[in-house]
Amino acid sequence: MAHTSSAHVSLRGVTKVFASATGGAGLQALGPVDVDLRRSEFFAVVGPSGCGKSTLLELIAGLTAATTGSVEFEGRRVAGDIPDGIGVVFQEDACFPWLCVEANVAFGLRKAALAAAAKVRRVREVLDLMGLAEFARAYPAQLSGGMRQRVCIARTLVSEPRLILLDEPFGALDQQTRLLMGEEVLRLWRGTGATVFLITHALDEAAMLADRIAVMSARPGRIIDLIETHWPRERDSHIVERSEFGAVTARLWKSLREESLKTIGRPAGQA
Amino acid sequence: MTRIGLYRALMIAAAVLLLEGLCLSGMIDRLTMPPPHRILLDLATILVSGSQNAAILKTLTNASIALALALVLGVVGAVALHGHRSAREILEPLFATYYAVPIFAFYPLLIVLMGLGDAPQIGIGFMLGVVAVIVNTLNGLDRVPRVLRKTARIQRLGMVEIALTVTLPCAAPYVLTGVKFAVAYSLIGVIGAEFIMSRGGMGYEISFAYTNFDNATMYPLILLILAVSIAINAALSRWEKVLLGRRGQ
C-alpha cells in the first residue's frame, strides 16, 4: 500500500483482537491493516459480512483502541480517545427520539466554542442545506427513515468535521432513496472539503461515491485490493451510466467474490 | 374523553352511588361509614377550617422529602450501578426480593437511630421508594440503544454529560414508571409510619380518629390521601403519555 506523508488518516499495522469470554485465545477481527486516507478524498471500504469494516471505522473514530499498530489523524495518534474534528454517521437510527429535529442537530454543537446566537445560525444553515428547515420542530418519530438519517447527517455536519465517517448510513433505505442520499452526500462532500470514509455493503454505492475503494478480506479483515475510480470531483448518480462504472463494480466483485464465499462456508472457486 | 374513559368514570360513579344508597338506607350503619356526600362535606369543612392543616402539611412535606431522596439517590445509584456490572450482579438478588421484606419492621430500628422526630418516617418512605426508582431506571438504561451512546461519545461528552443528556432522557419513560411507584410508596411509608408511632401527621390523625369513633375526621382524611395520590399519578401518567407520544409509542 502506498503511504504518503500528507495523509489525513494513517493506519500502520493495525490489528484488533477481541478477548475471549472464556479466557482462551481472543478472536482476531481485523488486520493487519496499512492504509492512508488523503485529505479531502472520498474513500470507501467494502468487504464481506463480519470482516471488521465497522471495527476499522471505530478504530479511526477512537471509539475503540487497536490491539497492535497505530492510527493517526492529522498526524496525532488516536488511541481510544475521540479526536476533535471527527463526525460519524451510523447505520442504525441515531436520532434522539425525545428531541425535535432542531435540537437533534444542535446536539452536534454541544462542545463547540460558539456563542448561542452563532449556534442557532449554524443549525439553521445546516437544516436548510439538508432540506429539513420546515421539519425543525418535528420529532424523529414523525419522519421517514430517510429523513431521520438526514437529521443524523445534519448533526454530524453542523460541527464542520474535517473527517466524516459513514458506517453503512443508507443500509436501511430503499434503492432509490440510497441513490438520492448518495448524491446529497457527494454534494456535501464537495461543499465541506472534508475527507469521507464510507463503509458499505453495496458495491454500486462504493463505485458511485468513492475516489478510492478498499476491498477487505474475510475475517480477520485485511485490505486485499485498492481501486482508484478516477471519477471527476463533480459527479452524481449519473456516473452509473458510464461504461467505466461497470468495470469498477466488476473488479470489486472479482476481488470480493472468493472472500464472500468464505464467509458462507463455501470454498473459493465453488459457485 | 375516550369511550373507555367514559365507561371507567361511569363505573366509579355507579360504585359511589351504590355506596351512597347503602349508607342512606341503613344497610351500612352510620357508625361504620357515613355516606359519601357526608364525607365530602366533612372534608370541605376540614379544609376550610384548617383544623388538619398542620397534619396535612407534615405528611405531604415528609412524603415529598422521602420521594425527592428516593428519586435523586435512586437515579444516581442506578446510573452508577449500570456502569459497574459486578456490583449490579451482587445487588440484583437484593432488588428482586426487596419488596418481600416488611420494611416497616425496620421502623423501631430507625427510631432508635434517628429519634422520634420526622426522620424515621421519611426514612421508611425513602426505603420503600428508592428501590422502585433504581430497578425501573436500570430497566430503562438497559434499553438505551448502543448507537446513541456511541453518538454521545463521538461528541466527546464525559460520563456525567452522557448520563444527563443522552441515557437518562432516553430512559425517561422507565424512570417515570419508577417515579409513579415511588410516589405511592413514599406516601404509604410516611403515613404507615405515622400510624405506628408518631405525634402528628395524617396517619396519626386517622389512627387517633379511628380509636375515638371520629368518622367526621377519619374518612375525609382517607379521601384526601386517595385524592392526592391519584392526582399525582394521573399527572405523571399524562406526562408519560406526552413523552411516549413524541417517540411515536
# chains A, B, ... in the order shown; residues from 1 in each chain; ligands from 1
>>> residues_around(residues="segment 41-44 of chain B", least_positions_apart="6", cutoff="9 Å", atoms="only C-alpha atoms", output="PyMOL selection string")
chain B and resi 216-217+219-221+223-224
>>> interface_residues(of="chain B", to="chain A", cutoff="12 Å", atoms="only C-alpha atoms", output="PDB file with C-alpha atoms, in the first residue's frame")
ATOM      1  CA  VAL B 144     -30.783   2.704  25.567  1.00  0.00           C
ATOM      2  CA  PRO B 145     -29.592   1.789  22.042  1.00  0.00           C
ATOM      3  CA  ARG B 146     -25.819   1.376  21.868  1.00  0.00           C
ATOM      4  CA  VAL B 147     -25.686   3.703  18.878  1.00  0.00           C
ATOM      5  CA  LEU B 148     -26.958   6.611  20.999  1.00  0.00           C
ATOM      6  CA  ARG B 149     -24.114   6.098  23.487  1.00  0.00           C
ATOM      7  CA  LYS B 150     -21.625   5.978  20.598  1.00  0.00           C
ATOM      8  CA  THR B 151     -23.135   9.178  19.186  1.00  0.00           C
ATOM      9  CA  ALA B 152     -22.667  10.880  22.546  1.00  0.00           C
ATOM     10  CA  ARG B 153     -19.073   9.645  22.785  1.00  0.00           C
ATOM     11  CA  ILE B 154     -18.334  10.999  19.303  1.00  0.00           C
ATOM     12  CA  GLN B 155     -19.422  14.398  20.650  1.00  0.00           C
ATOM     13  CA  ARG B 156     -16.631  13.939  23.226  1.00  0.00           C
ATOM     14  CA  LEU B 157     -19.009  14.150  26.177  1.00  0.00           C
ATOM     15  CA  GLY B 158     -17.942  12.950  29.620  1.00  0.00           C
ATOM     16  CA  GLU B 161     -22.813  14.610  30.448  1.00  0.00           C
ATOM     17  CA  ILE B 162     -23.712  11.400  28.616  1.00  0.00           C
ATOM     18  CA  THR B 165     -28.072  14.444  28.059  1.00  0.00           C
ATOM     19  CA  VAL B 166     -28.498  11.023  26.471  1.00  0.00           C
ATOM     20  CA  THR B 167     -29.010   7.930  28.598  1.00  0.00           C
ATOM     21  CA  LEU B 168     -31.356   9.332  31.247  1.00  0.00           C
ATOM     22  CA  PRO B 169     -33.523  11.288  28.772  1.00  0.00           C
ATOM     23  CA  CYS B 170     -33.692   8.141  26.635  1.00  0.00           C
ATOM     24  CA  ALA B 171     -34.684   6.087  29.691  1.00  0.00           C
ATOM     25  CA  ALA B 172     -37.139   8.786  30.896  1.00  0.00           C
ATOM     26  CA  PRO B 173     -40.373   6.781  30.361  1.00  0.00           C
ATOM     27  CA  GLU B 240     -45.646   9.849  30.382  1.00  0.00           C
ATOM     28  CA  VAL B 242     -46.743  13.057  26.176  1.00  0.00           C
ATOM     29  CA  LEU B 243     -43.191  11.632  26.331  1.00  0.00           C
ATOM     30  CA  LEU B 244     -44.208   8.395  24.638  1.00  0.00           C
ATOM     31  CA  GLY B 245     -46.312  10.266  22.080  1.00  0.00           C
ATOM     32  CA  ARG B 246     -43.232  12.230  20.971  1.00  0.00           C
ATOM     33  CA  ARG B 247     -41.478   8.918  20.440  1.00  0.00           C
ATOM     34  CA  GLY B 248     -44.342   7.568  18.376  1.00  0.00           C
ATOM     35  CA  GLN B 249     -45.273   4.982  21.025  1.00  0.00           C
TER      36      GLN B 249
END
>>> closest_residue(among="B:Leu110, B:Ala227, B:Ala55, B:Leu138", to="Arg85 of chain B", atoms="only C-alpha atoms")
B:Leu138
>>> residues_around(residues="segment 251-264 of chain A", least_positions_apart="6", cutoff="7 Å", atoms="only C-alpha atoms", output="ChimeraX atom specification")
/A:47-48,203,215,217-218,225
>>> write_last_selection(atoms="N, CA and C atoms", output="short mmCIF file (atom, residue, chain, number, x, y, z; two decimals), in the first residue's frame")
data_model
loop_
_atom_site.label_atom_id
_atom_site.label_comp_id
_atom_site.auth_asym_id
_atom_site.auth_seq_id
_atom_site.Cartn_x
_atom_site.Cartn_y
_atom_site.Cartn_z
N GLY A 47 -16.47 -5.09 1.90
CA GLY A 47 -15.94 -6.37 2.37
C GLY A 47 -17.07 -7.28 2.80
N PRO A 48 -16.79 -8.57 2.94
CA PRO A 48 -17.85 -9.49 3.34
C PRO A 48 -18.32 -9.23 4.77
N LEU A 203 -21.76 -2.62 -3.49
CA LEU A 203 -20.64 -2.34 -4.40
C LEU A 203 -20.94 -1.14 -5.30
N VAL A 215 -10.94 -3.04 -0.74
CA VAL A 215 -11.69 -4.30 -0.62
C VAL A 215 -11.05 -5.09 0.52
N SER A 217 -10.67 -8.51 3.03
CA SER A 217 -10.79 -9.97 3.02
C SER A 217 -11.78 -10.40 4.08
N ALA A 218 -12.12 -11.70 4.06
CA ALA A 218 -12.93 -12.25 5.16
C ALA A 218 -12.10 -12.16 6.45
N ASP A 225 -7.37 -5.33 -1.94
CA ASP A 225 -7.34 -4.61 -3.22
C ASP A 225 -7.68 -3.15 -2.94
#
>>> atom_distance(atom1="atom CA of Leu47 of chain B", atom2="atom CA of Gly189 of chain B")
23.6 Å
>>> residues_around(residues="segment 64-66 of chain B", least_positions_apart="3", cutoff="12 Å", atoms="only C-alpha atoms", output="PyMOL selection string")
chain B and resi 56-61+69-74+118-130+179+182-191+228-229+232
>>> atom_distance(atom1="atom CA of Ala103 of chain A", atom2="atom CA of Asn233 of chain B")
29.1 Å
>>> residues_around(residues="segment 229-236 of chain A", least_positions_apart="6", cutoff="6 Å", atoms="only C-alpha atoms", output="ChimeraX atom specification")
/A:183,211-212
>>> write_last_selection(atoms="N, CA and C atoms", output="PDB file, in the first residue's frame")
ATOM      1  N   GLU A 183     -26.203  11.101  -3.742  1.00  0.00           N
ATOM      2  CA  GLU A 183     -25.979  12.383  -4.425  1.00  0.00           C
ATOM      3  C   GLU A 183     -25.822  13.508  -3.407  1.00  0.00           C
ATOM      4  N   ASP A 211     -13.605   7.983  -4.458  1.00  0.00           N
ATOM      5  CA  ASP A 211     -12.408   8.187  -5.286  1.00  0.00           C
ATOM      6  C   ASP A 211     -11.565   6.917  -5.266  1.00  0.00           C
ATOM      7  N   ARG A 212     -11.493   6.311  -4.075  1.00  0.00           N
ATOM      8  CA  ARG A 212     -10.748   5.050  -3.937  1.00  0.00           C
ATOM      9  C   ARG A 212     -11.589   4.081  -3.115  1.00  0.00           C
TER      10      ARG A 212
END
>>> atom_distance(atom1="atom CA of Met130 of chain A", atom2="atom CA of Phe245 of chain A")
27.3 Å
>>> closest_residue(among="B:Ile225, B:Leu24, B:Leu176, B:Ile90", to="Ser237 of chain B", atoms="only C-alpha atoms")
B:Leu176
>>> residues_around(residues="segment 172-181 of chain A", least_positions_apart="3", cutoff="12 Å", atoms="only C-alpha atoms", output="JSON, numbers by chain")
{"A": [90, 91, 92, 93, 130, 131, 144, 145, 146, 147, 148, 149, 150, 153, 167, 168, 169, 184, 185, 186, 187, 188, 200, 201, 202, 204, 205, 206, 207, 208, 209, 236, 237, 238, 239, 240]}
>>> write_last_selection(atoms="C-alpha atoms", output="PDB file, in the first residue's frame")
ATOM      1  CA  PHE A  90     -24.056   5.221  11.874  1.00  0.00           C
ATOM      2  CA  GLN A  91     -26.243   2.721  10.050  1.00  0.00           C
ATOM      3  CA  GLU A  92     -28.722   2.469  12.928  1.00  0.00           C
ATOM      4  CA  ASP A  93     -31.166   5.258  13.629  1.00  0.00           C
ATOM      5  CA  MET A 130     -30.284  19.266   4.280  1.00  0.00           C
ATOM      6  CA  GLY A 131     -33.803  20.356   3.330  1.00  0.00           C
ATOM      7  CA  SER A 144     -39.408   8.750   7.432  1.00  0.00           C
ATOM      8  CA  GLY A 145     -36.264   6.603   7.761  1.00  0.00           C
ATOM      9  CA  GLY A 146     -34.512   8.613   5.048  1.00  0.00           C
ATOM     10  CA  MET A 147     -35.302  11.905   6.740  1.00  0.00           C
ATOM     11  CA  ARG A 148     -34.130  10.625  10.114  1.00  0.00           C
ATOM     12  CA  GLN A 149     -30.827   9.661   8.503  1.00  0.00           C
ATOM     13  CA  ARG A 150     -30.620  13.177   7.070  1.00  0.00           C
ATOM     14  CA  ILE A 153     -26.017  13.624   8.778  1.00  0.00           C
ATOM     15  CA  ASP A 167     -20.917   3.394   8.705  1.00  0.00           C
ATOM     16  CA  GLU A 168     -23.357   1.990   6.135  1.00  0.00           C
ATOM     17  CA  PRO A 169     -25.501   5.102   6.549  1.00  0.00           C
ATOM     18  CA  GLU A 184     -26.585  14.516  -1.342  1.00  0.00           C
ATOM     19  CA  VAL A 185     -23.503  13.125   0.363  1.00  0.00           C
ATOM     20  CA  LEU A 186     -21.421  13.875  -2.744  1.00  0.00           C
ATOM     21  CA  ARG A 187     -22.741  17.440  -2.777  1.00  0.00           C
ATOM     22  CA  LEU A 188     -21.945  17.874   0.921  1.00  0.00           C
ATOM     23  CA  THR A 200     -20.742  -0.088   2.756  1.00  0.00           C
ATOM     24  CA  HIS A 201     -22.012  -3.494   1.683  1.00  0.00           C
ATOM     25  CA  ALA A 202     -23.235  -2.121  -1.631  1.00  0.00           C
ATOM     26  CA  ASP A 204     -22.548   0.064  -6.654  1.00  0.00           C
ATOM     27  CA  GLU A 205     -22.745   2.612  -3.839  1.00  0.00           C
ATOM     28  CA  ALA A 206     -18.995   2.415  -3.265  1.00  0.00           C
ATOM     29  CA  ALA A 207     -18.323   2.611  -7.008  1.00  0.00           C
ATOM     30  CA  MET A 208     -20.565   5.645  -7.441  1.00  0.00           C
ATOM     31  CA  LEU A 209     -19.368   7.647  -4.455  1.00  0.00           C
ATOM     32  CA  ASP A 236     -23.688  12.489  -9.271  1.00  0.00           C
ATOM     33  CA  SER A 237     -25.685   9.279  -9.681  1.00  0.00           C
ATOM     34  CA  HIS A 238     -25.470   9.591 -13.490  1.00  0.00           C
ATOM     35  CA  ILE A 239     -21.991   8.125 -13.096  1.00  0.00           C
ATOM     36  CA  VAL A 240     -23.696   4.715 -13.000  1.00  0.00           C
TER      37      VAL A 240
END
>>> closest_residue(among="B:Ile12, B:Ala235, B:Met1, B:Met197", to="Ile111 of chain B", atoms="only C-alpha atoms")
B:Met197
>>> residues_around(residues="His37 of chain B", least_positions_apart="6", cutoff="10 Å", atoms="only C-alpha atoms", output="number ranges by chain")
B: 16-17, 20, 43
>>> select_by_dssp(residues="segment 27-220 of chain B", states="alpha helix (DSSP H)", output="PyMOL selection string")
chain B and resi 36-49+53-82+85-97+107-114+119-142+146-154+159-162+168-196+202-211+215-220
>>> decode(residues="segment 149-181 of chain A", atoms="N, CA and C atoms", output="PDB file, in the first residue's frame")
ATOM      1  N   GLN A 149     -32.253   9.789   8.793  1.00  0.00           N
ATOM      2  CA  GLN A 149     -30.827   9.661   8.503  1.00  0.00           C
ATOM      3  C   GLN A 149     -30.251  11.009   8.093  1.00  0.00           C
ATOM      4  N   ARG A 150     -31.081  11.831   7.421  1.00  0.00           N
ATOM      5  CA  ARG A 150     -30.620  13.177   7.070  1.00  0.00           C
ATOM      6  C   ARG A 150     -30.405  14.021   8.313  1.00  0.00           C
ATOM      7  N   VAL A 151     -31.248  13.805   9.320  1.00  0.00           N
ATOM      8  CA  VAL A 151     -31.062  14.525  10.591  1.00  0.00           C
ATOM      9  C   VAL A 151     -29.704  14.131  11.196  1.00  0.00           C
ATOM     10  N   CYS A 152     -29.394  12.833  11.139  1.00  0.00           N
ATOM     11  CA  CYS A 152     -28.107  12.373  11.700  1.00  0.00           C
ATOM     12  C   CYS A 152     -26.935  12.956  10.912  1.00  0.00           C
ATOM     13  N   ILE A 153     -27.088  13.027   9.597  1.00  0.00           N
ATOM     14  CA  ILE A 153     -26.017  13.624   8.778  1.00  0.00           C
ATOM     15  C   ILE A 153     -25.896  15.112   9.118  1.00  0.00           C
ATOM     16  N   ALA A 154     -27.051  15.779   9.282  1.00  0.00           N
ATOM     17  CA  ALA A 154     -27.026  17.208   9.631  1.00  0.00           C
ATOM     18  C   ALA A 154     -26.328  17.418  10.978  1.00  0.00           C
ATOM     19  N   ARG A 155     -26.601  16.536  11.928  1.00  0.00           N
ATOM     20  CA  ARG A 155     -25.974  16.667  13.261  1.00  0.00           C
ATOM     21  C   ARG A 155     -24.462  16.499  13.149  1.00  0.00           C
ATOM     22  N   THR A 156     -24.042  15.651  12.212  1.00  0.00           N
ATOM     23  CA  THR A 156     -22.596  15.463  12.010  1.00  0.00           C
ATOM     24  C   THR A 156     -21.997  16.682  11.310  1.00  0.00           C
ATOM     25  N   LEU A 157     -22.700  17.182  10.300  1.00  0.00           N
ATOM     26  CA  LEU A 157     -22.159  18.291   9.506  1.00  0.00           C
ATOM     27  C   LEU A 157     -22.091  19.597  10.289  1.00  0.00           C
ATOM     28  N   VAL A 158     -23.015  19.770  11.240  1.00  0.00           N
ATOM     29  CA  VAL A 158     -23.112  21.063  11.919  1.00  0.00           C
ATOM     30  C   VAL A 158     -21.821  21.409  12.663  1.00  0.00           C
ATOM     31  N   SER A 159     -21.075  20.376  13.070  1.00  0.00           N
ATOM     32  CA  SER A 159     -19.828  20.655  13.792  1.00  0.00           C
ATOM     33  C   SER A 159     -18.650  20.846  12.828  1.00  0.00           C
ATOM     34  N   GLU A 160     -18.939  20.837  11.532  1.00  0.00           N
ATOM     35  CA  GLU A 160     -17.939  21.029  10.483  1.00  0.00           C
ATOM     36  C   GLU A 160     -16.726  20.120  10.675  1.00  0.00           C
ATOM     37  N   PRO A 161     -16.957  18.799  10.692  1.00  0.00           N
ATOM     38  CA  PRO A 161     -15.831  17.880  10.897  1.00  0.00           C
ATOM     39  C   PRO A 161     -14.905  17.863   9.685  1.00  0.00           C
ATOM     40  N   ARG A 162     -13.646  17.599   9.954  1.00  0.00           N
ATOM     41  CA  ARG A 162     -12.680  17.512   8.858  1.00  0.00           C
ATOM     42  C   ARG A 162     -12.610  16.078   8.324  1.00  0.00           C
ATOM     43  N   LEU A 163     -13.099  15.152   9.131  1.00  0.00           N
ATOM     44  CA  LEU A 163     -13.159  13.747   8.704  1.00  0.00           C
ATOM     45  C   LEU A 163     -14.556  13.223   9.030  1.00  0.00           C
ATOM     46  N   ILE A 164     -15.262  12.759   8.001  1.00  0.00           N
ATOM     47  CA  ILE A 164     -16.617  12.224   8.203  1.00  0.00           C
ATOM     48  C   ILE A 164     -16.584  10.718   7.982  1.00  0.00           C
ATOM     49  N   LEU A 165     -16.982   9.979   8.997  1.00  0.00           N
ATOM     50  CA  LEU A 165     -17.004   8.519   8.920  1.00  0.00           C
ATOM     51  C   LEU A 165     -18.458   8.072   8.756  1.00  0.00           C
ATOM     52  N   LEU A 166     -18.715   7.320   7.702  1.00  0.00           N
ATOM     53  CA  LEU A 166     -20.089   6.876   7.416  1.00  0.00           C
ATOM     54  C   LEU A 166     -20.140   5.357   7.506  1.00  0.00           C
ATOM     55  N   ASP A 167     -20.849   4.836   8.493  1.00  0.00           N
ATOM     56  CA  ASP A 167     -20.917   3.394   8.705  1.00  0.00           C
ATOM     57  C   ASP A 167     -22.221   2.849   8.118  1.00  0.00           C
ATOM     58  N   GLU A 168     -22.168   2.469   6.849  1.00  0.00           N
ATOM     59  CA  GLU A 168     -23.357   1.990   6.135  1.00  0.00           C
ATOM     60  C   GLU A 168     -24.570   2.883   6.409  1.00  0.00           C
ATOM     61  N   PRO A 169     -24.445   4.170   6.132  1.00  0.00           N
ATOM     62  CA  PRO A 169     -25.501   5.102   6.549  1.00  0.00           C
ATOM     63  C   PRO A 169     -26.819   4.907   5.822  1.00  0.00           C
ATOM     64  N   PHE A 170     -26.761   4.255   4.639  1.00  0.00           N
ATOM     65  CA  PHE A 170     -28.002   4.105   3.865  1.00  0.00           C
ATOM     66  C   PHE A 170     -28.478   2.663   3.859  1.00  0.00           C
ATOM     67  N   GLY A 171     -27.924   1.861   4.748  1.00  0.00           N
ATOM     68  CA  GLY A 171     -28.216   0.421   4.772  1.00  0.00           C
ATOM     69  C   GLY A 171     -29.682   0.099   4.942  1.00  0.00           C
ATOM     70  N   ALA A 172     -30.404   0.965   5.660  1.00  0.00           N
ATOM     71  CA  ALA A 172     -31.810   0.662   5.953  1.00  0.00           C
ATOM     72  C   ALA A 172     -32.759   1.311   4.942  1.00  0.00           C
ATOM     73  N   LEU A 173     -32.196   1.950   3.907  1.00  0.00           N
ATOM     74  CA  LEU A 173     -33.055   2.696   2.976  1.00  0.00           C
ATOM     75  C   LEU A 173     -33.279   1.915   1.685  1.00  0.00           C
ATOM     76  N   ASP A 174     -34.341   2.263   0.958  1.00  0.00           N
ATOM     77  CA  ASP A 174     -34.605   1.599  -0.312  1.00  0.00           C
ATOM     78  C   ASP A 174     -33.620   2.119  -1.377  1.00  0.00           C
ATOM     79  N   GLN A 175     -33.533   1.398  -2.498  1.00  0.00           N
ATOM     80  CA  GLN A 175     -32.503   1.666  -3.507  1.00  0.00           C
ATOM     81  C   GLN A 175     -32.587   3.096  -4.061  1.00  0.00           C
ATOM     82  N   GLN A 176     -33.809   3.555  -4.373  1.00  0.00           N
ATOM     83  CA  GLN A 176     -33.941   4.900  -4.941  1.00  0.00           C
ATOM     84  C   GLN A 176     -33.470   5.959  -3.947  1.00  0.00           C
ATOM     85  N   THR A 177     -33.900   5.783  -2.691  1.00  0.00           N
ATOM     86  CA  THR A 177     -33.515   6.761  -1.673  1.00  0.00           C
ATOM     87  C   THR A 177     -32.002   6.735  -1.465  1.00  0.00           C
ATOM     88  N   ARG A 178     -31.420   5.545  -1.567  1.00  0.00           N
ATOM     89  CA  ARG A 178     -29.965   5.419  -1.402  1.00  0.00           C
ATOM     90  C   ARG A 178     -29.233   6.222  -2.474  1.00  0.00           C
ATOM     91  N   LEU A 179     -29.718   6.101  -3.708  1.00  0.00           N
ATOM     92  CA  LEU A 179     -29.069   6.838  -4.800  1.00  0.00           C
ATOM     93  C   LEU A 179     -29.157   8.344  -4.560  1.00  0.00           C
ATOM     94  N   LEU A 180     -30.345   8.794  -4.148  1.00  0.00           N
ATOM     95  CA  LEU A 180     -30.539  10.221  -3.914  1.00  0.00           C
ATOM     96  C   LEU A 180     -29.714  10.697  -2.717  1.00  0.00           C
ATOM     97  N   MET A 181     -29.676   9.881  -1.668  1.00  0.00           N
ATOM     98  CA  MET A 181     -28.879  10.245  -0.490  1.00  0.00           C
ATOM     99  C   MET A 181     -27.390  10.268  -0.842  1.00  0.00           C
TER     100      MET A 181
END
